[in-house]
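> Take this structure, written in structure tokens, and hold onto it; I'll ask about it next.
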Amino acid sequence: MTVILDTSPRAAPTKSASRPGLVGLDRAGLAQALAGIGVPERQRRMRANQLWRWIYNRGATAFEMMTDIGRELRIVLAAAFSLERPEIVSEQISADGTRKWLLRLAPDADGRRHEIETVYIPEADRGTLCISSQVGCTLTCSFCHTGTQTLVRNLSAEEIVSQVLVARDCLGEWPGALAVNASPPAGGRYITNVVLMGMGEPLYNFDNVKAAVDIIADGEGLSLSKRRITLSTSGVVPEIVRAGAGIGTMLAISLHATTDEVRDRLVPLNRKYPIAELLEACRNYPGLSNARRITFEYVMLKGINDAPADAKRLVSLLKHIPAKINLIPFNPWPGAPYECSDWETIERFAEIVNRAGYASPVRTPRGRDIMAACGQLKSASERLRARDRRAMAAPVEA
Ligand code: SAH
Ligand code: SF4
């Protein structure tokens, strides 16, 4: 029997804590929150803009920091709302500078507190923040550690945006904050790019991902343009069509195989949306050009999808789609049923793809020593006992 795909995770919670959070609200949402505490209508727009700048541009974590808002109103705001971040359970720093934060979310209605992981990857010319969109994932790609986590729920827009805020807190990337490192990767910014490549399938949490992306991309706030935000999907075809029209970020497709027979095994969602349909949705993704390509991710699995014939098929499948190909060496995890392809095999594969005109960088695995590399994420709440977790929290020297 084929595995039945449960593609409907529980909805994200509305904050059950006594004071609702303001992070994750757009300007209209902030204005509505202000209405709820009696701010007169004629002031709401202006106040919402003030809150917006404090929260998303200055990184305020307390209302008392908001010096252009009168003291009285600040007190009322602080009594009614929260600006709390998720709790940082641990911060691990890899020998290669990659950082991974384990974040504990505010309690759900049933009192449970879920944990998610966020990863920061510094490179010479950019700093990429990899954020999660769900706790766990309902899909069960057979090479992915996250897919083995059974507990799943969508993250709220607040929880998605908060990952960027926490990373900026830790990196000291707010105006006037003390930066932790004298030389940020590019243009004076630590976080230049955001990828939705952490835990979860972002297109199964469409509305919250869209709300979060709109906030992260807003020029008066966190200001990361949509060209610098990449949404990675395992191939939820109807939602790719909606994402093209409604979210507008760059797109990455977890392709990983060149025949339906192999992809069915690696990415079970392929049984529902096979390769031909997936590539048709890619071809129709709006705004594609040579400067704006779709990234195709291809994990190199020994003896499974790494033959020269696969490389040739890959090239012909992607004909007429402005594409980049990212070859990802498989990152192992305990009990994984696959091995990473040999380097010679990967190089041979890359050469075929290169010869066809694709720059196909083999992605150097980052942060493997702290289980922060692609597909290694899984809430430590499931994986580790508290004692082990404390041991892991000790930073690895860079
Ligand atoms: N769910 C989305 C986004 C998160 S996964 C998706 O699947 O696209 C981020 C990327 O890591 C995906 O391309 C995924 O296929 C890949 N990946 C998963 N497990 C991996 C592993 N063990 N080694 C290397 N890449 C992996
Ligand atoms: Fe989910 Fe992506 Fe992992 Fe597949 S690869 S199980 S879609 S997180």
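Residues are named by chain letter and number: chains run A, B, ... in the order of the structure tokens, numbers start at 1 in each chain, and ligands are numbered from 1 in the order shown.
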Which polymer residues have any atom within 9 Å of an atom of Ile160 in chain A, counting only C-alpha atoms, with same-chain residues fewer than 5 positions away left out, as a VMD selection string?

chain A and resid 24 131 to 134 155 208 to 209 212 to 213

> Write a file of the just-selected residues containing N, CA and C atoms, as a short mmCIF file (atom, residue, chain, number, x, y, z; two decimals), in the first residue's frame.


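Written file, selection.cif:
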data_model
loop_
_atom_site.label_atom_id
_atom_site.label_comp_id
_atom_site.auth_asym_id
_atom_site.auth_seq_id
_atom_site.Cartn_x
_atom_site.Cartn_y
_atom_site.Cartn_z
N GLY A 24 4.55 40.03 13.64
CA GLY A 24 3.80 39.22 12.67
C GLY A 24 2.56 39.94 12.16
N ILE A 131 15.19 29.68 7.57
CA ILE A 131 14.13 29.68 8.58
C ILE A 131 13.13 28.55 8.35
N SER A 132 12.45 28.18 9.42
CA SER A 132 11.47 27.10 9.38
C SER A 132 10.08 27.66 9.16
N SER A 133 9.21 26.86 8.56
CA SER A 133 7.84 27.29 8.34
C SER A 133 6.82 26.43 9.09
N GLN A 134 7.28 25.27 9.56
CA GLN A 134 6.40 24.39 10.35
C GLN A 134 7.22 23.75 11.47
N LEU A 155 3.64 27.09 11.66
CA LEU A 155 4.07 28.23 12.45
C LEU A 155 3.19 29.43 12.09
N ASN A 208 0.35 32.12 6.29
CA ASN A 208 1.28 32.66 7.27
C ASN A 208 2.64 32.96 6.65
N VAL A 209 3.04 32.11 5.70
CA VAL A 209 4.31 32.37 5.00
C VAL A 209 4.19 33.66 4.19
N ALA A 212 4.32 36.62 6.51
CA ALA A 212 5.68 36.80 7.05
C ALA A 212 6.61 37.38 5.98
N VAL A 213 6.50 36.86 4.76
CA VAL A 213 7.36 37.35 3.67
C VAL A 213 7.08 38.83 3.41
#

> Which residues are near ligand 1 - at most 6 Å, using only C-alpha atoms and all ligand atoms? Format: as a PyMOL selection string.

chain A and resi 143-144+197-201+232-234+253-254+297+299+328-332+374-376

> Using only C-alpha atoms, determine which residues lie at most 12 Å from Leu139 in chain A, disregarding the query and same-chain residues fewer than 3 positions distant; provide the list as a PyMOL selection string.

chain A and resi 3-9+134-136+142-152+199-204+233-236+266-272

> Got time to write the residues from that selection, N, CA, C and O atoms, as a compact mmCIF listing (two decimals), in the first residue's frame?


# COMPACT_ATOMS: atom_id res chain seq x y z
N VAL A 3 1.87 5.04 0.94
CA VAL A 3 1.68 5.85 2.15
C VAL A 3 0.66 6.94 1.83
O VAL A 3 0.69 7.55 0.77
N ILE A 4 -0.26 7.15 2.73
CA ILE A 4 -1.22 8.24 2.52
C ILE A 4 -0.58 9.52 3.03
O ILE A 4 -0.05 9.56 4.14
N LEU A 5 -0.61 10.53 2.21
CA LEU A 5 0.02 11.78 2.61
C LEU A 5 -0.96 12.61 3.43
O LEU A 5 -2.00 13.01 2.92
N ASP A 6 -0.63 12.82 4.67
CA ASP A 6 -1.46 13.72 5.46
C ASP A 6 -0.90 15.11 5.26
O ASP A 6 0.12 15.48 5.80
N THR A 7 -1.58 15.87 4.43
CA THR A 7 -1.02 17.18 4.09
C THR A 7 -1.74 18.32 4.80
O THR A 7 -1.71 19.45 4.38
N SER A 8 -2.43 18.00 5.87
CA SER A 8 -3.13 19.10 6.55
C SER A 8 -2.72 19.19 8.01
O SER A 8 -3.41 18.67 8.87
N PRO A 9 -1.60 19.83 8.26
CA PRO A 9 -1.16 19.96 9.64
C PRO A 9 -2.14 20.81 10.43
O PRO A 9 -2.92 21.56 9.85
N GLN A 134 7.28 25.27 9.56
CA GLN A 134 6.40 24.39 10.35
C GLN A 134 7.22 23.75 11.47
O GLN A 134 8.45 23.67 11.38
N VAL A 135 6.54 23.28 12.48
CA VAL A 135 7.17 22.36 13.43
C VAL A 135 7.10 21.00 12.75
O VAL A 135 5.99 20.52 12.48
N GLY A 136 8.24 20.41 12.43
CA GLY A 136 8.23 19.13 11.70
C GLY A 136 7.73 19.31 10.28
O GLY A 136 7.74 20.43 9.74
N SER A 142 12.22 10.46 2.00
CA SER A 142 12.89 9.37 2.70
C SER A 142 14.33 9.70 3.08
O SER A 142 14.93 8.97 3.87
N PHE A 143 14.88 10.80 2.56
CA PHE A 143 16.27 11.17 2.86
C PHE A 143 16.35 12.31 3.87
O PHE A 143 17.43 12.80 4.17
N CYS A 144 15.18 12.76 4.38
CA CYS A 144 15.15 13.99 5.19
C CYS A 144 14.84 13.68 6.64
O CYS A 144 13.86 13.00 6.95
N HIS A 145 15.65 14.22 7.50
CA HIS A 145 15.49 13.98 8.93
C HIS A 145 14.21 14.63 9.45
O HIS A 145 13.49 14.06 10.26
N THR A 146 13.93 15.85 8.95
CA THR A 146 12.73 16.56 9.43
C THR A 146 11.48 15.71 9.18
O THR A 146 10.56 15.69 9.99
N GLY A 147 11.48 15.00 8.04
CA GLY A 147 10.31 14.20 7.69
C GLY A 147 10.03 13.05 8.64
O GLY A 147 8.95 12.46 8.61
N THR A 148 10.99 12.74 9.51
CA THR A 148 10.75 11.65 10.46
C THR A 148 10.10 12.17 11.74
O THR A 148 9.79 11.40 12.65
N GLN A 149 9.93 13.48 11.82
CA GLN A 149 9.31 14.05 13.03
C GLN A 149 7.80 14.00 12.88
O GLN A 149 7.24 14.58 11.94
N THR A 150 7.16 13.32 13.78
CA THR A 150 5.72 13.09 13.58
C THR A 150 4.86 14.27 14.02
O THR A 150 3.78 14.49 13.50
N LEU A 151 5.38 15.01 14.98
CA LEU A 151 4.60 16.10 15.53
C LEU A 151 4.66 17.30 14.60
O LEU A 151 5.74 17.79 14.31
N VAL A 152 3.50 17.73 14.09
CA VAL A 152 3.55 18.80 13.11
C VAL A 152 2.49 19.86 13.37
O VAL A 152 1.35 19.52 13.66
N MET A 199 12.78 23.67 8.68
CA MET A 199 11.80 22.60 8.87
C MET A 199 10.49 22.97 8.19
O MET A 199 10.03 24.11 8.29
N GLY A 200 9.89 21.99 7.54
CA GLY A 200 8.53 22.16 7.06
C GLY A 200 8.41 22.46 5.58
O GLY A 200 9.37 22.77 4.90
N GLU A 201 7.19 22.32 5.10
CA GLU A 201 6.86 22.60 3.70
C GLU A 201 6.14 23.96 3.69
O GLU A 201 4.96 24.04 4.06
N PRO A 202 6.84 25.02 3.26
CA PRO A 202 6.25 26.36 3.36
C PRO A 202 4.92 26.50 2.62
O PRO A 202 4.04 27.24 3.06
N LEU A 203 4.74 25.76 1.53
CA LEU A 203 3.50 25.94 0.76
C LEU A 203 2.30 25.24 1.40
O LEU A 203 1.18 25.42 0.95
N TYR A 204 2.53 24.47 2.45
CA TYR A 204 1.39 23.98 3.25
C TYR A 204 1.03 24.95 4.37
O TYR A 204 0.16 24.66 5.18
N THR A 233 10.31 24.44 -2.08
CA THR A 233 9.17 23.53 -1.95
C THR A 233 9.50 22.16 -2.53
O THR A 233 10.29 22.04 -3.47
N SER A 234 8.86 21.16 -1.96
CA SER A 234 9.04 19.81 -2.47
C SER A 234 8.17 19.57 -3.70
O SER A 234 8.21 18.51 -4.29
N GLY A 235 7.35 20.59 -4.06
CA GLY A 235 6.61 20.47 -5.31
C GLY A 235 5.10 20.42 -5.17
O GLY A 235 4.45 19.58 -5.79
N VAL A 236 4.53 21.33 -4.37
CA VAL A 236 3.08 21.37 -4.21
C VAL A 236 2.52 22.20 -5.36
O VAL A 236 2.35 23.42 -5.25
N LEU A 266 11.76 8.96 -3.31
CA LEU A 266 12.48 9.96 -2.52
C LEU A 266 11.54 11.03 -1.95
O LEU A 266 11.66 11.44 -0.80
N VAL A 267 10.64 11.49 -2.81
CA VAL A 267 9.71 12.57 -2.42
C VAL A 267 8.30 12.03 -2.67
O VAL A 267 7.77 12.16 -3.77
N PRO A 268 7.69 11.40 -1.69
CA PRO A 268 6.41 10.73 -1.95
C PRO A 268 5.32 11.65 -2.51
O PRO A 268 4.40 11.17 -3.18
N LEU A 269 5.46 12.95 -2.32
CA LEU A 269 4.49 13.88 -2.89
C LEU A 269 4.45 13.78 -4.42
O LEU A 269 3.48 14.19 -5.07
N ASN A 270 5.51 13.22 -4.99
CA ASN A 270 5.58 13.06 -6.45
C ASN A 270 4.45 12.18 -6.99
O ASN A 270 4.05 12.31 -8.14
N ARG A 271 3.93 11.31 -6.12
CA ARG A 271 2.83 10.45 -6.59
C ARG A 271 1.60 11.29 -6.89
O ARG A 271 0.75 10.90 -7.67
N LYS A 272 1.50 12.40 -6.19
CA LYS A 272 0.36 13.28 -6.40
C LYS A 272 0.66 14.29 -7.52
O LYS A 272 -0.20 14.58 -8.34

> Would you mind telling me which residue in A:Asp264, A:Glu344, A:Asp310, A:Glu351 lies nearest to ligand 2 when using only C-alpha atoms and all ligand atoms?

A:Asp264

> List every residue of range 330-371 of chain A that DSSP, applied to the backbone of this structure, places in alpha helix (DSSP H), and write the result as a list in words.

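Of range 330-371 of chain A, the ones in alpha helix (DSSP H) are Trp343, Glu344, Thr345, Ile346, Glu347, Arg348, Phe349, Ala350, Glu351, Ile352, Val353, Asn354 and Arg355 of chain A.
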
> So that I can see what lies close to Val262 in chain A, please list as a PDB file with N, CA, C and O atoms, in the first residue's frame the residues with an atom at most 8 Å from it, counting only C-alpha atoms and leaving out residues fewer than 4 positions away in the same chain.


ATOM      1  N   ALA A 257      15.391  13.953  -8.362  1.00  0.00           N
ATOM      2  CA  ALA A 257      15.355  12.755  -9.205  1.00  0.00           C
ATOM      3  C   ALA A 257      14.883  13.149 -10.591  1.00  0.00           C
ATOM      4  O   ALA A 257      14.259  14.205 -10.763  1.00  0.00           O
ATOM      5  N   THR A 258      15.167  12.283 -11.570  1.00  0.00           N
ATOM      6  CA  THR A 258      14.829  12.636 -12.945  1.00  0.00           C
ATOM      7  C   THR A 258      13.792  11.689 -13.549  1.00  0.00           C
ATOM      8  O   THR A 258      13.388  11.847 -14.688  1.00  0.00           O
ATOM      9  N   LEU A 266      11.763   8.964  -3.309  1.00  0.00           N
ATOM     10  CA  LEU A 266      12.483   9.964  -2.519  1.00  0.00           C
ATOM     11  C   LEU A 266      11.542  11.025  -1.952  1.00  0.00           C
ATOM     12  O   LEU A 266      11.661  11.439  -0.798  1.00  0.00           O
ATOM     13  N   ILE A 304      21.617   5.911  -6.184  1.00  0.00           N
ATOM     14  CA  ILE A 304      20.169   6.095  -6.311  1.00  0.00           C
ATOM     15  C   ILE A 304      19.841   7.048  -7.469  1.00  0.00           C
ATOM     16  O   ILE A 304      18.994   6.750  -8.303  1.00  0.00           O
ATOM     17  N   ASN A 305      20.507   8.205  -7.468  1.00  0.00           N
ATOM     18  CA  ASN A 305      20.148   9.232  -8.460  1.00  0.00           C
ATOM     19  C   ASN A 305      21.383   9.915  -9.034  1.00  0.00           C
ATOM     20  O   ASN A 305      21.297  11.025  -9.521  1.00  0.00           O
TER      21      ASN A 305
END

> Between A:Ala281, A:Ala311, A:Leu129, A:Leu301, which has the minimum distance to Leu224 in chain A (counting only C-alpha atoms)?

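So, comparing all the options, the nearest one is A:Leu129.
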
> Mind checking which residues fall within 7 Å of His114 in chain A, counting only C-alpha atoms, ignoring those fewer than 2 positions away in the same chain, and posting them as a PyMOL selection string?

chain A and resi 104-105+112+116

> Output C-alpha atoms for every residue in the selection just made, as a short mmCIF file (atom, residue, chain, number, x, y, z; two decimals), in the first residue's frame.


data_model
loop_
_atom_site.label_atom_id
_atom_site.label_comp_id
_atom_site.auth_asym_id
_atom_site.auth_seq_id
_atom_site.Cartn_x
_atom_site.Cartn_y
_atom_site.Cartn_z
CA ARG A 104 11.17 27.34 22.13
CA LEU A 105 7.85 28.79 21.06
CA ARG A 112 2.79 22.38 25.02
CA ILE A 116 12.12 24.87 16.03
#

> Under the rule that only C-alpha atoms are counted, which of A:Ala179, A:Val23, A:Ala80, A:Ile247 is the nearest residue to Gly221 in chain A?

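Once distances to Gly221 in chain A are computed over only C-alpha atoms, the minimum belongs to A:Val23.
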
> Extract, using only C-alpha atoms, all DNA, RNA and protein residues at most 12 Å from range 39-46 of chain A, discarding same-chain residues fewer than 3 positions from it, and format them as a list in words.

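Selected residues are Asp26, Arg27, Ala28, Gly29, Leu30, Ala31, Gln32, Ala33, Leu34, Ala35, Gly36, Asn49, Gln50, Leu51, Trp52, Arg53, Asp68, Ile69, Glu72, Leu73, Arg74, Val76 and Leu77 of chain A.
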
> Please produce an output containing N, CA and C atoms for each residue in the selection, written as a PDB file, in the first residue's frame.


ATOM      1  N   ASP A  26       0.692  43.023  10.231  1.00  0.00           N
ATOM      2  CA  ASP A  26       0.998  44.064   9.248  1.00  0.00           C
ATOM      3  C   ASP A  26       0.433  45.395   9.777  1.00  0.00           C
ATOM      4  N   ARG A  27       0.529  46.440   8.970  1.00  0.00           N
ATOM      5  CA  ARG A  27       0.104  47.759   9.470  1.00  0.00           C
ATOM      6  C   ARG A  27      -1.376  47.763   9.848  1.00  0.00           C
ATOM      7  N   ALA A  28      -2.190  47.100   9.010  1.00  0.00           N
ATOM      8  CA  ALA A  28      -3.632  47.067   9.312  1.00  0.00           C
ATOM      9  C   ALA A  28      -3.871  46.314  10.619  1.00  0.00           C
ATOM     10  N   GLY A  29      -3.114  45.248  10.818  1.00  0.00           N
ATOM     11  CA  GLY A  29      -3.249  44.465  12.046  1.00  0.00           C
ATOM     12  C   GLY A  29      -2.835  45.277  13.265  1.00  0.00           C
ATOM     13  N   LEU A  30      -1.787  46.051  13.117  1.00  0.00           N
ATOM     14  CA  LEU A  30      -1.345  46.891  14.238  1.00  0.00           C
ATOM     15  C   LEU A  30      -2.413  47.955  14.537  1.00  0.00           C
ATOM     16  N   ALA A  31      -2.980  48.527  13.464  1.00  0.00           N
ATOM     17  CA  ALA A  31      -4.010  49.554  13.665  1.00  0.00           C
ATOM     18  C   ALA A  31      -5.213  48.948  14.395  1.00  0.00           C
ATOM     19  N   GLN A  32      -5.532  47.721  14.042  1.00  0.00           N
ATOM     20  CA  GLN A  32      -6.661  47.049  14.684  1.00  0.00           C
ATOM     21  C   GLN A  32      -6.360  46.774  16.157  1.00  0.00           C
ATOM     22  N   ALA A  33      -5.121  46.393  16.429  1.00  0.00           N
ATOM     23  CA  ALA A  33      -4.728  46.165  17.824  1.00  0.00           C
ATOM     24  C   ALA A  33      -4.835  47.463  18.608  1.00  0.00           C
ATOM     25  N   LEU A  34      -4.454  48.560  17.974  1.00  0.00           N
ATOM     26  CA  LEU A  34      -4.529  49.859  18.652  1.00  0.00           C
ATOM     27  C   LEU A  34      -5.980  50.243  18.917  1.00  0.00           C
ATOM     28  N   ALA A  35      -6.846  49.907  17.945  1.00  0.00           N
ATOM     29  CA  ALA A  35      -8.276  50.188  18.148  1.00  0.00           C
ATOM     30  C   ALA A  35      -8.771  49.448  19.385  1.00  0.00           C
ATOM     31  N   GLY A  36      -8.279  48.235  19.547  1.00  0.00           N
ATOM     32  CA  GLY A  36      -8.706  47.397  20.666  1.00  0.00           C
ATOM     33  C   GLY A  36      -8.357  47.973  22.037  1.00  0.00           C
ATOM     34  N   ASN A  49       2.334  53.082  12.284  1.00  0.00           N
ATOM     35  CA  ASN A  49       3.626  53.278  11.609  1.00  0.00           C
ATOM     36  C   ASN A  49       4.764  53.373  12.619  1.00  0.00           C
ATOM     37  N   GLN A  50       4.501  54.017  13.749  1.00  0.00           N
ATOM     38  CA  GLN A  50       5.546  54.088  14.789  1.00  0.00           C
ATOM     39  C   GLN A  50       5.884  52.690  15.308  1.00  0.00           C
ATOM     40  N   LEU A  51       4.826  51.945  15.620  1.00  0.00           N
ATOM     41  CA  LEU A  51       5.068  50.573  16.112  1.00  0.00           C
ATOM     42  C   LEU A  51       5.836  49.766  15.076  1.00  0.00           C
ATOM     43  N   TRP A  52       5.416  49.918  13.840  1.00  0.00           N
ATOM     44  CA  TRP A  52       6.060  49.175  12.748  1.00  0.00           C
ATOM     45  C   TRP A  52       7.565  49.411  12.759  1.00  0.00           C
ATOM     46  N   ARG A  53       7.950  50.701  12.783  1.00  0.00           N
ATOM     47  CA  ARG A  53       9.383  51.012  12.721  1.00  0.00           C
ATOM     48  C   ARG A  53      10.124  50.490  13.944  1.00  0.00           C
ATOM     49  N   ASP A  68       9.290  57.890  21.000  1.00  0.00           N
ATOM     50  CA  ASP A  68       8.405  58.882  20.379  1.00  0.00           C
ATOM     51  C   ASP A  68       6.922  58.577  20.626  1.00  0.00           C
ATOM     52  N   ILE A  69       6.656  57.606  21.477  1.00  0.00           N
ATOM     53  CA  ILE A  69       5.266  57.323  21.869  1.00  0.00           C
ATOM     54  C   ILE A  69       5.136  57.761  23.336  1.00  0.00           C
ATOM     55  N   GLU A  72       2.225  57.374  28.696  1.00  0.00           N
ATOM     56  CA  GLU A  72       0.948  56.759  29.086  1.00  0.00           C
ATOM     57  C   GLU A  72       0.544  55.638  28.113  1.00  0.00           C
ATOM     58  N   LEU A  73       0.658  55.964  26.839  1.00  0.00           N
ATOM     59  CA  LEU A  73       0.289  54.957  25.843  1.00  0.00           C
ATOM     60  C   LEU A  73       1.245  53.762  25.900  1.00  0.00           C
ATOM     61  N   ARG A  74       2.502  54.034  26.173  1.00  0.00           N
ATOM     62  CA  ARG A  74       3.462  52.918  26.268  1.00  0.00           C
ATOM     63  C   ARG A  74       3.061  51.961  27.387  1.00  0.00           C
ATOM     64  N   VAL A  76       0.011  51.472  28.532  1.00  0.00           N
ATOM     65  CA  VAL A  76      -1.194  50.737  28.106  1.00  0.00           C
ATOM     66  C   VAL A  76      -0.796  49.625  27.124  1.00  0.00           C
ATOM     67  N   LEU A  77       0.100  49.964  26.209  1.00  0.00           N
ATOM     68  CA  LEU A  77       0.553  48.949  25.226  1.00  0.00           C
ATOM     69  C   LEU A  77       1.213  47.771  25.936  1.00  0.00           C
TER      70      LEU A  77
END

> Go through A:Leu196, A:Ile55, A:Thr249, A:Arg99 one by one, measure the shortest atom-to-atom distance of each to ligand 2 using only C-alpha atoms and all ligand atoms, and give the residue with the smallest value.

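Counting only C-alpha atoms and all ligand atoms, the residue closest to ligand 2 is A:Leu196.
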
> I'd like the neighbourhood of range 82-88 of chain A as a list in words, where a residue qualifies if any of its atoms comes within 8 Å (using only C-alpha atoms), though same-chain residues fewer than 3 positions away should be ignored.

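My list of contacting residues is Arg19, Pro20, Gly21, Leu22, Val23, Ala60, Thr61, Ala62, Phe63, Ala78, Glu91, Trp101, Leu102, Leu103, Arg104, Leu105, Ala106, Glu159, Ser162, Leu165 and Val166 of chain A.
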
> Range 149-318 of chain A: which residues are strand (DSSP E or B) by DSSP, as an NGL selection string?

:A and (153-154 or 186 or 189 or 193-196 or 229-233 or 250-254 or 289 or 292 or 294-301)

> Restricting the calculation to only C-alpha atoms, which member of A:Arg348, A:Lys100, A:Arg71, A:Arg263 is positioned closest to Pro308 in chain A?

A:Arg348

> Could you tell me which of A:Pro322, A:Gly335, A:Gly219, A:Gly59 comes closest to Ser289 in chain A if we count only C-alpha atoms?

A:Pro322

> What is the CA of Asn354 in chain A to CA of Leu255 in chain A distance in Å?

17.6 Å

> Go ahead and compute the interatomic distance for CA of Pro361 in chain A and CA of Asn326 in chain A, in Å to one decimal.

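Atom-to-atom, CA of Pro361 in chain A and CA of Asn326 in chain A are spaced 6.1 Å apart.
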